[in-house]
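This is structure-v9.cif. It holds mmCIF, C-alpha atoms.
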```
data_target
loop_
_atom_site.label_atom_id
_atom_site.label_comp_id
_atom_site.auth_asym_id
_atom_site.auth_seq_id
_atom_site.Cartn_x
_atom_site.Cartn_y
_atom_site.Cartn_z
CA MET A 299 45.15 44.90 -37.08
CA ALA A 300 44.87 48.26 -35.30
CA THR A 301 46.47 51.15 -37.10
CA VAL A 302 47.17 54.74 -36.13
CA GLU A 303 48.02 57.18 -38.88
CA LEU A 304 49.63 60.54 -38.32
CA THR A 305 50.47 63.24 -40.82
CA PHE A 306 52.47 66.33 -39.98
CA SER A 307 53.94 69.29 -41.81
CA ALA A 308 57.69 69.28 -42.45
CA LEU A 309 58.73 71.21 -39.37
CA PRO A 310 61.53 70.01 -37.05
CA ALA A 311 59.38 70.79 -34.02
CA HIS A 312 56.88 68.10 -35.03
CA VAL A 313 59.48 65.32 -35.00
CA ARG A 314 59.37 65.23 -31.22
CA THR A 315 55.59 64.84 -31.31
CA ALA A 316 55.96 61.94 -33.74
CA ARG A 317 58.50 60.29 -31.42
CA LEU A 318 56.19 60.65 -28.44
CA VAL A 319 53.20 59.21 -30.30
CA ALA A 320 55.25 56.28 -31.61
CA THR A 321 56.66 55.49 -28.17
CA ALA A 322 53.23 55.68 -26.53
CA ILE A 323 51.68 53.33 -29.07
CA ALA A 324 54.66 50.96 -28.92
CA ARG A 325 54.21 50.71 -25.15
CA ARG A 326 50.49 50.15 -25.54
CA THR A 327 51.11 47.49 -28.17
CA GLY A 328 53.30 45.53 -25.79
CA VAL A 329 56.80 46.37 -26.95
CA GLN A 330 59.25 45.67 -24.12
CA GLU A 331 60.29 48.68 -22.07
CA SER A 332 63.93 47.93 -22.90
CA LEU A 333 63.17 48.45 -26.61
CA LEU A 334 61.23 51.70 -26.29
CA ASP A 335 64.35 53.88 -26.48
CA GLU A 336 65.24 52.17 -29.76
CA VAL A 337 61.75 52.78 -31.12
CA ARG A 338 61.91 56.42 -30.08
CA LEU A 339 65.30 56.99 -31.67
CA ALA A 340 64.61 55.04 -34.87
CA VAL A 341 61.26 56.78 -35.48
CA GLY A 342 62.91 60.12 -34.73
CA GLU A 343 65.68 59.41 -37.24
CA ALA A 344 63.19 58.41 -39.94
CA CYS A 345 61.05 61.50 -39.34
CA SER A 346 64.06 63.84 -39.20
CA ARG A 347 65.25 62.47 -42.54
CA ALA A 348 61.79 62.99 -44.03
CA VAL A 349 61.52 66.53 -42.66
CA GLU A 350 64.92 67.47 -44.11
CA ALA A 351 63.98 65.97 -47.49
CA HIS A 352 60.63 67.80 -47.56
CA ARG A 353 62.19 71.10 -46.56
CA LEU A 354 64.50 70.77 -49.54
CA HIS A 355 62.00 69.58 -52.12
CA CYS A 356 58.38 70.00 -51.05
CA PRO A 357 57.95 71.95 -47.79
CA SER A 358 54.18 72.23 -48.11
CA GLU A 359 53.63 68.45 -48.38
CA PRO A 360 52.89 66.51 -45.19
CA ILE A 361 54.86 63.52 -43.92
CA ARG A 362 52.94 60.40 -43.04
CA ILE A 363 53.48 57.80 -40.32
CA GLU A 364 51.53 54.58 -39.94
CA LEU A 365 51.83 52.64 -36.69
CA SER A 366 50.28 49.22 -36.41
CA ASP A 367 50.47 45.91 -34.61
CA ASP A 368 50.48 42.91 -36.86
CA SER A 369 51.22 39.28 -36.04
CA GLY A 370 52.94 40.08 -32.78
CA ARG A 371 55.06 42.90 -34.12
CA PHE A 372 54.82 46.65 -33.76
CA GLU A 373 55.36 48.16 -37.18
CA VAL A 374 56.10 51.75 -38.14
CA VAL A 375 56.10 53.08 -41.69
CA VAL A 376 57.37 56.60 -42.37
CA SER A 377 56.60 57.89 -45.87
CA ASP A 378 57.76 61.09 -47.49
CA SER A 379 56.92 62.71 -50.82
CA ALA A 380 60.32 64.15 -51.65
CA PRO A 381 61.90 63.19 -54.99
CA ASN A 382 64.65 60.69 -54.31
CA GLU A 383 68.03 61.93 -55.43
CA GLU A 384 70.01 59.92 -52.96
CA SER A 385 73.03 57.84 -53.73
CA PRO A 386 73.27 54.12 -52.87
CA ILE A 387 74.36 55.21 -49.37
CA GLU A 388 70.66 54.86 -48.53
CA GLU A 389 70.89 51.09 -48.68
CA PRO A 390 70.22 49.71 -45.21
CA SER A 391 72.88 47.08 -45.58
CA GLN A 392 75.45 49.84 -45.29
CA THR A 393 77.57 49.48 -42.22
CA LEU A 394 78.44 52.60 -40.34
CA HIS A 395 81.80 53.14 -38.81
CA LEU A 396 83.29 56.55 -38.20
CA GLY A 397 85.93 55.44 -35.77
CA ASP A 398 88.86 55.87 -38.11
CA GLU A 399 90.16 59.31 -38.98
CA ALA A 400 89.66 59.00 -42.74
CA SER A 401 85.96 58.23 -42.37
CA PHE A 402 85.51 60.81 -39.66
CA ASN A 403 86.93 63.59 -41.79
CA LEU A 404 84.49 62.80 -44.56
CA VAL A 405 81.45 63.26 -42.34
CA PRO A 406 79.66 66.55 -42.86
CA ASP A 407 78.74 68.67 -39.84
CA SER A 408 75.12 68.11 -40.57
CA PHE A 409 74.34 64.45 -40.98
CA MET A 410 71.92 63.78 -43.76
CA SER A 411 69.61 60.95 -44.65
CA GLY A 412 72.12 58.19 -45.30
CA PHE A 413 73.50 58.54 -41.82
CA GLY A 414 70.08 58.51 -40.20
CA ILE A 415 69.07 55.36 -42.04
CA ALA A 416 72.31 53.66 -41.05
CA VAL A 417 71.51 54.49 -37.42
CA ILE A 418 68.01 53.05 -37.85
CA THR A 419 69.43 49.78 -39.16
CA GLY A 420 71.62 49.64 -36.07
CA LEU A 421 68.57 50.02 -33.84
CA ALA A 422 65.71 48.02 -35.36
CA ASP A 423 66.11 44.34 -36.06
CA ASP A 424 63.77 44.55 -39.04
CA VAL A 425 64.13 47.50 -41.46
CA GLU A 426 63.21 47.93 -45.09
CA VAL A 427 63.85 51.06 -47.14
CA TYR A 428 61.89 51.63 -50.32
CA PRO A 429 63.38 54.53 -52.25
CA GLY A 430 61.22 55.79 -55.08
CA PRO A 431 61.12 58.69 -57.52
CA LYS A 432 58.17 60.22 -55.65
CA GLY A 433 59.40 59.64 -52.14
CA MET A 434 60.90 57.19 -49.71
CA ARG A 435 59.19 54.72 -47.44
CA ILE A 436 60.95 53.32 -44.37
CA ARG A 437 59.33 50.33 -42.67
CA MET A 438 60.65 49.10 -39.35
CA SER A 439 59.28 46.75 -36.75
CA TRP A 440 59.91 45.38 -33.29
CA PRO A 441 58.50 42.39 -31.41
CA ALA A 442 55.36 43.12 -29.40
CA ALA A 443 53.64 41.05 -26.74
CA ALA A 444 51.16 38.58 -28.22
CA THR A 445 48.60 39.48 -25.55
CA ALA A 446 48.46 42.98 -26.96
CA ALA A 447 47.82 41.85 -30.51
CA ASN A 448 44.70 43.98 -30.84
CA GLY A 449 46.60 47.07 -29.73
CA LEU A 450 44.03 47.81 -27.06
CA THR A 451 45.78 46.44 -24.01
CA PRO A 452 45.90 49.14 -21.33
CA ALA A 453 49.36 50.57 -20.71
CA MET B 131 61.57 68.69 -22.88
CA ASP B 132 63.31 71.59 -24.57
CA LEU B 133 67.06 72.10 -24.59
CA LYS B 134 68.83 74.02 -21.84
CA LEU B 135 72.43 75.12 -22.37
CA ASP B 136 74.91 76.62 -19.96
CA HIS B 137 78.68 76.97 -19.99
CA HIS B 138 81.58 78.05 -17.83
CA THR B 139 85.35 78.10 -18.24
CA GLU B 140 87.86 77.01 -15.62
CA ASP B 141 91.59 76.39 -16.05
CA GLY B 142 91.34 76.64 -19.83
CA LEU B 143 88.59 74.04 -20.14
CA THR B 144 85.09 75.20 -21.09
CA THR B 145 82.33 72.95 -19.81
CA VAL B 146 79.07 73.04 -21.74
CA ASP B 147 76.17 71.69 -19.67
CA VAL B 148 73.40 70.32 -21.86
CA GLU B 149 69.97 69.36 -20.53
CA GLY B 150 67.00 68.01 -22.46
CA GLU B 151 66.66 66.66 -25.98
CA ILE B 152 69.14 67.18 -28.82
CA ASP B 153 67.32 66.58 -32.07
CA VAL B 154 66.64 68.14 -35.45
CA TYR B 155 64.68 70.94 -33.75
CA THR B 156 67.06 71.85 -30.92
CA ALA B 157 70.48 70.89 -32.33
CA PRO B 158 70.97 74.23 -34.16
CA ARG B 159 71.10 75.99 -30.77
CA LEU B 160 73.90 73.72 -29.58
CA ARG B 161 75.70 74.21 -32.90
CA GLU B 162 75.47 78.01 -32.51
CA LEU B 163 76.84 77.85 -28.97
CA LEU B 164 79.80 75.65 -29.95
CA ILE B 165 80.62 77.89 -32.92
CA ASP B 166 80.37 80.97 -30.71
CA LEU B 167 82.67 79.47 -28.07
CA VAL B 168 85.29 78.54 -30.67
CA ASN B 169 85.03 81.97 -32.30
CA LYS B 170 85.75 83.50 -28.89
CA GLY B 171 88.89 81.43 -28.49
CA ASN B 172 87.62 78.52 -26.39
CA PHE B 173 89.35 75.57 -28.04
CA HIS B 174 89.12 73.00 -25.25
CA LEU B 175 85.51 72.00 -24.74
CA LEU B 176 83.85 69.46 -22.47
CA VAL B 177 80.22 68.72 -23.26
CA ASN B 178 78.42 67.39 -20.20
CA MET B 179 75.59 65.17 -21.45
CA GLU B 180 74.52 63.67 -18.13
CA LYS B 181 71.16 65.45 -18.30
CA VAL B 182 70.51 64.76 -21.97
CA ASP B 183 67.32 62.72 -22.41
CA PHE B 184 67.60 62.17 -26.14
CA LEU B 185 70.28 62.44 -28.82
CA ASP B 186 69.87 61.68 -32.51
CA SER B 187 72.16 61.80 -35.53
CA THR B 188 71.53 65.53 -35.96
CA GLY B 189 72.98 66.04 -32.50
CA LEU B 190 75.90 63.77 -33.31
CA GLY B 191 76.54 65.90 -36.39
CA VAL B 192 76.74 69.01 -34.25
CA LEU B 193 79.26 67.37 -31.90
CA VAL B 194 81.32 66.15 -34.86
CA GLY B 195 81.23 69.65 -36.32
CA GLY B 196 82.38 71.09 -33.00
CA LEU B 197 85.21 68.58 -32.78
CA LYS B 198 86.40 69.49 -36.27
CA ARG B 199 86.37 73.19 -35.39
CA VAL B 200 88.41 72.83 -32.20
CA ARG B 201 90.84 70.42 -33.87
CA ALA B 202 91.54 73.12 -36.45
CA HIS B 203 92.96 75.09 -33.50
CA ASP B 204 94.71 72.10 -31.92
CA GLY B 205 91.91 71.97 -29.40
CA SER B 206 89.74 69.21 -28.00
CA LEU B 207 86.08 68.36 -27.55
CA GLU B 208 85.31 65.62 -25.07
CA LEU B 209 82.14 64.33 -23.52
CA VAL B 210 80.77 63.33 -20.14
CA CYS B 211 78.20 60.60 -20.58
CA THR B 212 77.24 57.50 -18.62
CA GLN B 213 73.72 56.91 -19.93
CA GLU B 214 73.52 53.70 -21.88
CA ARG B 215 70.76 54.98 -24.18
CA ILE B 216 72.99 57.88 -25.27
CA LEU B 217 76.20 55.83 -25.43
CA LYS B 218 74.48 53.34 -27.71
CA ILE B 219 74.25 55.76 -30.63
CA PHE B 220 77.96 56.59 -30.23
CA ARG B 221 78.73 52.86 -30.40
CA ILE B 222 76.52 52.27 -33.45
CA THR B 223 78.31 55.03 -35.32
CA GLY B 224 81.81 54.15 -34.15
CA LEU B 225 82.18 57.60 -32.59
CA THR B 226 83.28 56.15 -29.25
CA LYS B 227 86.72 55.96 -30.90
CA VAL B 228 86.64 59.60 -31.94
CA PHE B 229 85.43 61.32 -28.78
CA GLY B 230 86.98 61.05 -25.37
CA ILE B 231 84.05 59.97 -23.19
CA TYR B 232 84.30 60.33 -19.42
CA ALA B 233 82.14 59.23 -16.53
CA SER B 234 82.17 62.59 -14.75
CA VAL B 235 83.19 66.21 -15.20
CA GLU B 236 85.79 65.73 -12.47
CA GLU B 237 87.34 62.78 -14.27
CA ALA B 238 87.45 64.72 -17.53
CA ARG B 239 89.01 67.73 -15.83
CA GLU B 240 91.70 65.56 -14.26
CA ALA B 241 92.50 64.05 -17.65
CA HIS B 242 92.59 67.49 -19.23
CA GLY B 243 94.96 68.70 -16.51
CA ARG B 244 97.30 65.76 -17.14
CA ASP B 245 97.31 66.43 -20.88
CA LYS B 246 98.12 70.11 -20.58
#
```
Would you kindly transcribe this structure into structure tokens?
Amino acid sequence: MATVELTFSALPAHVRTARLVATAIARRTGVQESLLDEVRLAVGEACSRAVEAHRLHCPSEPIRIELSDDSGRFEVVVSDSAPNEESPIEEPSQTLHLGDEASFNLVPDSFMSGFGIAVITGLADDVEVYPGPKGMRIRMSWPAAATAANGLTPA
Amino acid sequence: MDLKLDHHTEDGLTTVDVEGEIDVYTAPRLRELLIDLVNKGNFHLLVNMEKVDFLDSTGLGVLVGGLKRVRAHDGSLELVCTQERILKIFRITGLTKVFGIYASVEEAREAHGRDK
């Protein structure tokens, strides 16, 4: 298994860098081009959620991303160190639907973590969220080409 | 790519041209512009997203916030967007039923003219 680890301080500007790194490694690992937008958006959502949580609770702590290819899948794990005070809205089984007026009016201007995770579950076919008292871990994966199993196939 | 914003008003409809990436870093600038436009009495907004490369839930939150603000003045906030990668996040969230989404600025302007 080849793994790339990235840590970054909780600044919104770094989320774009994390997206770019994740997309580049996904491509190199053999994830289909048609899935790369999903990878980019899902990793961005996970990192944005982590940045917002760190800015609230522990701005000096870094956020960590692990990207790996394992058994024909490209896997991304985003881990934060912010105390988890979230409600059960974090559960990935939550379905998201804002199309009716009642739901729409309840949505805050600034979407927070529950919304981002719900978007991730709509994008990745394999998502697990591990909320914990010392931080949250979001693991997501996508199919990758078997020929790129060592992660070293040229792009 | 950073975010570029421009806007112009014609026949009571203010078009906001957005270019680049709308994410947790850049979305506050779009939020400020929408708030400023509403504060200056522009209650009918059309956000042209044809040159948007990336949109996340933070950006969606800004658009939802803008829609709430204009609705408070009986206004409207509609979108121009044909890119599948951007439309997908609207579908996932069910927001395709909340925003009017048009294929071109011209089409949106025609619809706005009919609704006046």
Next on the checklist: Which residues are near segment 357-372 of chain A? Cut-off 10 Å, only C-alpha atoms, ignore same chain within fewer than 3 positions. Put them as a ChimeraX atom specification.
Outcome noted: /A:299-309,316,319-320,323-329,337,341,344-345,348-354,375-380,435-449
Checklist entry - Quick one: which residues from chain B are at most 7 Å off chain A, using only C-alpha atoms, as a list of chain:residue names? => result B:Val154, B:Tyr155, B:Asp186, B:Ser187, B:Thr188, B:Gly191, B:Val192, B:Val194, B:Gly195, B:Arg215, B:Ile222, B:Thr223, B:Gly224, B:Leu225, B:Lys227, B:Val228
Item to check | Atomic separation - atom CA of Ala157 of chain B relative to atom CA of Val425 of chain A, Å | outcome: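 So the answer is 25.9 Å.
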Next on the checklist: What's the separation between atom CA of Leu176 of chain B and atom CA of Arg201 of chain B, in Å to one decimal place?
Outcome noted: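 Here the two named atoms are 13.4 Å from each other.
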Item to check | Test item: residues at most 12 Å from Asp141 of chain B, all atoms listed in the file, excluding those fewer than 6 positions along its chain, as a ChimeraX atom specification | outcome: /B:172,174-175,239-240,242-243,246
Next on the checklist: With all atoms listed in the file as the counted atoms, please give the residues lying no more than 10 Å from Asp183 of chain B, apart from itself and same-chain residues fewer than 5 positions off, as a PyMOL selection string.
Outcome noted: chain B and resi 131-133+148-152+213+215-216
Item to check | Between atom CA of Ile165 of chain B and atom CA of Thr212 of chain B - distance in Å to one decimal | outcome: 25.1 Å
Checklist entry - Any chance you could work out the residue set of the PyMOL selection byres ((chain B and resi 146) around 9) here, as a PyMOL selection string? => result chain B and resi 135-139+144-145+147-148+163-164+175-179
Checklist entry - Between B:Glu180, B:Leu167, B:Glu140, B:Ser206, which has the minimum distance to Ala233 of chain B (counting only C-alpha atoms)? => result B:Glu180
